[in-house]
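These notes concern the structure reproduced below.
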Amino acid sequence: RMTTKSTREWAESLTALLQARVGEFRARTVELVGQCDGQAIGLEVERHAQEITNELGRALMREALRVADTVKPEVTINGELWGNRRLQRGNYETVFGEVPLDRSSYQRSGRGRVMVPVDLRMGIVERRYTPLVARIATRTVALMPPSDGEGLLTEIGVCLLSKSTLHRV
């Protein structure tokens, strides 16, 4: 659990990041307007805004994943005790892009299976995809070929998945 002080520090760092990025956005937009000479700049402006929004979204999702993790030496899951806690690097695909995270993993005594509490708590699919990404991927594949789906998701700017990932998921 985060303390009030750590919550405040996290919020302050996120606010500073957002203020800096919004300042960059405004300056770039002013620059583009000054140079447009009758050319439409909306697409570039929107893509820049999407990039900033995705950056903020990744920071928020990283924090949500951290909060959903645990640092206890042992955890009980479905009535079974899991121990031998280890930190493992995981990469989570969110609608805002990839979020790397060092997360706890556990094993039962004498057993090879590994349990990752953050994956269970957040409903992670295939140890990588957030539930919304999994829903978007499956719906995309249901409506169009994976290569078209990859192009559409790239154009939208969220949930950037390759055609091979779309085909597999």
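Just remember, in the structure tokens the first chain shown is A, the second B, etc., residues are 1-based per chain, and ligands are 1-based in the order shown.
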
Near-Pro117 (chain A) list (10 Å; only C-alpha atoms; drop same-chain fewer than 3 positions) as a compact mmCIF listing (two decimals) with all heavy atoms, in the first residue's frame:
```
# COMPACT_ATOMS: atom_id res chain seq x y z
N ALA A 68 -1.41 -3.32 -7.49
CA ALA A 68 -2.00 -4.66 -7.52
C ALA A 68 -1.00 -5.76 -7.19
O ALA A 68 -1.38 -6.90 -6.92
CB ALA A 68 -2.64 -4.93 -8.88
N ASP A 69 0.29 -5.44 -7.18
CA ASP A 69 1.32 -6.42 -6.85
C ASP A 69 1.43 -6.56 -5.34
O ASP A 69 0.80 -5.82 -4.58
CB ASP A 69 2.66 -5.98 -7.45
CG ASP A 69 3.67 -7.12 -7.56
OD1 ASP A 69 3.28 -8.28 -7.36
OD2 ASP A 69 4.84 -6.82 -7.82
N THR A 70 2.23 -7.50 -4.89
CA THR A 70 2.46 -7.70 -3.47
C THR A 70 3.94 -7.92 -3.22
O THR A 70 4.66 -8.35 -4.11
CB THR A 70 1.64 -8.90 -2.92
OG1 THR A 70 1.87 -9.01 -1.53
CG2 THR A 70 2.01 -10.19 -3.60
N VAL A 75 1.98 -15.79 -0.03
CA VAL A 75 0.61 -15.40 -0.28
C VAL A 75 -0.27 -16.65 -0.32
O VAL A 75 0.20 -17.73 -0.65
CB VAL A 75 0.45 -14.62 -1.61
CG1 VAL A 75 1.15 -13.28 -1.54
CG2 VAL A 75 0.93 -15.42 -2.79
N THR A 76 -1.53 -16.48 0.02
CA THR A 76 -2.50 -17.57 -0.08
C THR A 76 -3.42 -17.26 -1.24
O THR A 76 -4.04 -16.20 -1.30
CB THR A 76 -3.31 -17.71 1.22
OG1 THR A 76 -2.40 -17.94 2.29
CG2 THR A 76 -4.30 -18.85 1.13
N ILE A 77 -3.49 -18.21 -2.17
CA ILE A 77 -4.33 -18.06 -3.35
C ILE A 77 -5.20 -19.30 -3.45
O ILE A 77 -4.68 -20.42 -3.49
CB ILE A 77 -3.48 -17.90 -4.63
CG1 ILE A 77 -2.58 -16.65 -4.51
CG2 ILE A 77 -4.37 -17.81 -5.87
CD1 ILE A 77 -1.55 -16.52 -5.59
N ARG A 103 7.68 -7.48 -11.06
CA ARG A 103 6.55 -7.94 -10.27
C ARG A 103 6.92 -9.21 -9.52
O ARG A 103 7.85 -9.92 -9.87
CB ARG A 103 5.32 -8.15 -11.17
CG ARG A 103 5.31 -9.45 -11.98
CD ARG A 103 5.95 -9.29 -13.33
NE ARG A 103 6.17 -10.53 -14.03
CZ ARG A 103 5.39 -11.05 -14.94
NH1 ARG A 103 4.28 -10.44 -15.27
NH2 ARG A 103 5.70 -12.17 -15.53
N SER A 104 6.15 -9.49 -8.48
CA SER A 104 6.39 -10.66 -7.64
C SER A 104 5.83 -11.91 -8.30
O SER A 104 4.75 -11.89 -8.88
CB SER A 104 5.71 -10.48 -6.27
OG SER A 104 6.25 -9.37 -5.60
N SER A 105 6.59 -12.99 -8.18
CA SER A 105 6.08 -14.30 -8.59
C SER A 105 6.31 -15.26 -7.44
O SER A 105 7.22 -15.07 -6.63
CB SER A 105 6.78 -14.79 -9.86
OG SER A 105 8.14 -15.05 -9.60
N TYR A 106 5.48 -16.27 -7.35
CA TYR A 106 5.52 -17.22 -6.24
C TYR A 106 5.41 -18.64 -6.77
O TYR A 106 4.83 -18.87 -7.84
CB TYR A 106 4.35 -16.96 -5.27
CG TYR A 106 4.41 -15.61 -4.61
CD1 TYR A 106 3.89 -14.49 -5.23
CD2 TYR A 106 5.00 -15.46 -3.36
CE1 TYR A 106 3.95 -13.24 -4.63
CE2 TYR A 106 5.06 -14.22 -2.75
CZ TYR A 106 4.53 -13.11 -3.39
OH TYR A 106 4.60 -11.88 -2.78
N VAL A 114 4.33 -21.34 -11.46
CA VAL A 114 4.58 -20.01 -10.92
C VAL A 114 3.26 -19.23 -10.93
O VAL A 114 2.49 -19.30 -11.88
CB VAL A 114 5.64 -19.26 -11.76
CG1 VAL A 114 5.80 -17.82 -11.30
CG2 VAL A 114 6.97 -19.99 -11.70
N LEU A 120 -3.31 -12.11 -11.66
CA LEU A 120 -4.62 -12.57 -11.20
C LEU A 120 -5.52 -11.39 -10.84
O LEU A 120 -6.69 -11.34 -11.22
CB LEU A 120 -4.47 -13.47 -9.98
CG LEU A 120 -3.82 -14.82 -10.22
CD1 LEU A 120 -3.59 -15.53 -8.89
CD2 LEU A 120 -4.66 -15.67 -11.15
N ARG A 121 -4.97 -10.45 -10.08
CA ARG A 121 -5.76 -9.31 -9.62
C ARG A 121 -6.22 -8.41 -10.76
O ARG A 121 -7.32 -7.85 -10.72
CB ARG A 121 -4.95 -8.49 -8.62
CG ARG A 121 -4.76 -9.21 -7.31
CD ARG A 121 -3.86 -8.46 -6.39
NE ARG A 121 -3.77 -9.14 -5.10
CZ ARG A 121 -2.76 -8.99 -4.27
NH1 ARG A 121 -1.76 -8.17 -4.57
NH2 ARG A 121 -2.75 -9.63 -3.13
N MET A 122 -5.39 -8.25 -11.77
CA MET A 122 -5.72 -7.35 -12.88
C MET A 122 -6.41 -8.06 -14.04
O MET A 122 -6.84 -7.41 -14.99
CB MET A 122 -4.45 -6.64 -13.37
CG MET A 122 -3.82 -5.71 -12.35
SD MET A 122 -4.85 -4.31 -11.89
CE MET A 122 -4.73 -3.31 -13.37
N GLY A 123 -6.48 -9.38 -14.00
CA GLY A 123 -7.12 -10.13 -15.09
C GLY A 123 -6.28 -10.16 -16.35
O GLY A 123 -6.81 -10.15 -17.46
```

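If you count only C-alpha atoms and ignore residues fewer than 5 places along the chain from region 20-37 of chain A, what sits within 8 Å of it is Val45, His48, Ala49 and Ile52 of chain A.
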
Selection above as a file: N, CA, C and O atoms, as a CSV table (one decimal), in the first residue's frame:
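Produced file result07.csv, reproduced below:
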```
chain,number,residue,atom,x,y,z
A,45,VAL,N,-1.2,17.4,-35.1
A,45,VAL,CA,-1.5,17.9,-33.8
A,45,VAL,C,-2.2,16.8,-33.0
A,45,VAL,O,-1.9,16.5,-31.8
A,48,HIS,N,0.2,14.1,-31.9
A,48,HIS,CA,1.1,14.5,-30.8
A,48,HIS,C,0.3,14.5,-29.5
A,48,HIS,O,0.8,14.0,-28.4
A,49,ALA,N,-1.0,14.9,-29.5
A,49,ALA,CA,-1.8,14.8,-28.3
A,49,ALA,C,-2.0,13.4,-27.9
A,49,ALA,O,-2.0,13.0,-26.7
A,52,ILE,N,1.1,12.1,-26.0
A,52,ILE,CA,1.1,12.6,-24.7
A,52,ILE,C,0.1,11.9,-23.8
A,52,ILE,O,0.4,11.4,-22.7
```

Non-local contacts of Tyr92 (chain A) (7 Å; only C-alpha atoms; under 5 positions in same chain excluded) as a list in words: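 Listed by chain and then number, they are Glu98, Val99, Pro100, Arg128, Tyr129 and Thr130 of chain A.
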
Residue set, region 20-159 of chain A restricted to strand (DSSP E or B), as a PyMOL selection string: chain A and resi 75-77+80-94+97-107+114-115+125+129

Store the residues picked out above in a file with C-alpha atoms, as a CSV table (one decimal), in the first residue's frame.
```
chain,number,residue,atom,x,y,z
A,75,VAL,CA,0.6,-15.4,-0.3
A,76,THR,CA,-2.5,-17.6,-0.1
A,77,ILE,CA,-4.3,-18.1,-3.4
A,80,GLU,CA,-3.1,-22.7,-1.1
A,81,LEU,CA,0.1,-21.2,0.3
A,82,TRP,CA,2.6,-19.9,-2.2
A,83,GLY,CA,6.1,-18.8,-1.2
A,84,ASN,CA,9.6,-18.5,-2.7
A,85,ARG,CA,8.9,-15.0,-3.8
A,86,ARG,CA,11.0,-13.7,-6.6
A,87,LEU,CA,11.0,-10.5,-8.7
A,88,GLN,CA,10.6,-11.0,-12.4
A,89,ARG,CA,10.4,-8.5,-15.2
A,90,GLY,CA,7.1,-8.5,-16.9
A,91,ASN,CA,6.0,-6.4,-19.9
A,92,TYR,CA,2.3,-5.6,-20.0
A,93,GLU,CA,0.5,-4.4,-23.1
A,94,THR,CA,-2.1,-1.8,-22.3
A,97,GLY,CA,1.4,1.0,-25.0
A,98,GLU,CA,3.8,-1.4,-23.3
A,99,VAL,CA,4.4,-1.0,-19.5
A,100,PRO,CA,7.5,-2.8,-18.1
A,101,LEU,CA,7.2,-3.8,-14.4
A,102,ASP,CA,9.2,-5.8,-11.9
A,103,ARG,CA,6.6,-7.9,-10.3
A,104,SER,CA,6.4,-10.7,-7.6
A,105,SER,CA,6.1,-14.3,-8.6
A,106,TYR,CA,5.5,-17.2,-6.2
A,107,GLN,CA,5.8,-21.0,-6.3
A,114,VAL,CA,4.6,-20.0,-10.9
A,115,MET,CA,1.8,-17.7,-9.7
A,125,VAL,CA,-4.4,-12.5,-20.4
A,129,TYR,CA,-2.3,-8.3,-22.1
```

Residue list (helix (DSSP H, G or I), DSSP) for chain A, as a PyMOL selection string: chain A and resi 4-35+42-68+117-122+131-143+146-156+163-168

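Using only C-alpha atoms, the shortest contact distance between Glu63 (chain A) and any of A:Ile136, A:Cys159, A:Leu152, A:Leu14 is found at A:Leu14.
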
Nearest candidate to Arg108 (chain A) (options A:Trp10, A:Leu56, A:Pro73, A:Ala16; using only C-alpha atoms):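 Among the listed residues, the smallest separation from Arg108 (chain A) belongs to A:Pro73.
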
Shell around Phe96 (chain A) at 7 Å using only C-alpha atoms, local window under 3 positions removed, as a ChimeraX atom specification: /A:54,57-58,158-159

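The space between CA of Pro146 (chain A) and CA of Lys163 (chain A) spans 4.7 Å.
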
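Taking CA of Ala64 (chain A) and CA of Arg135 (chain A) as the two end points, the separation is 19.0 Å.
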
Which of A:Val118, A:Leu65, A:Leu166, A:Pro131 sits closest to Gly151 (chain A) [using only C-alpha atoms]: A:Leu166

Counting only C-alpha atoms, the option among A:Ser13, A:Arg127, A:Thr140, A:Glu74 closest to Ala59 (chain A): A:Ser13

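In this model, the gap between CA of Ala134 (chain A) and CA of Arg168 (chain A) comes to 11.1 Å.
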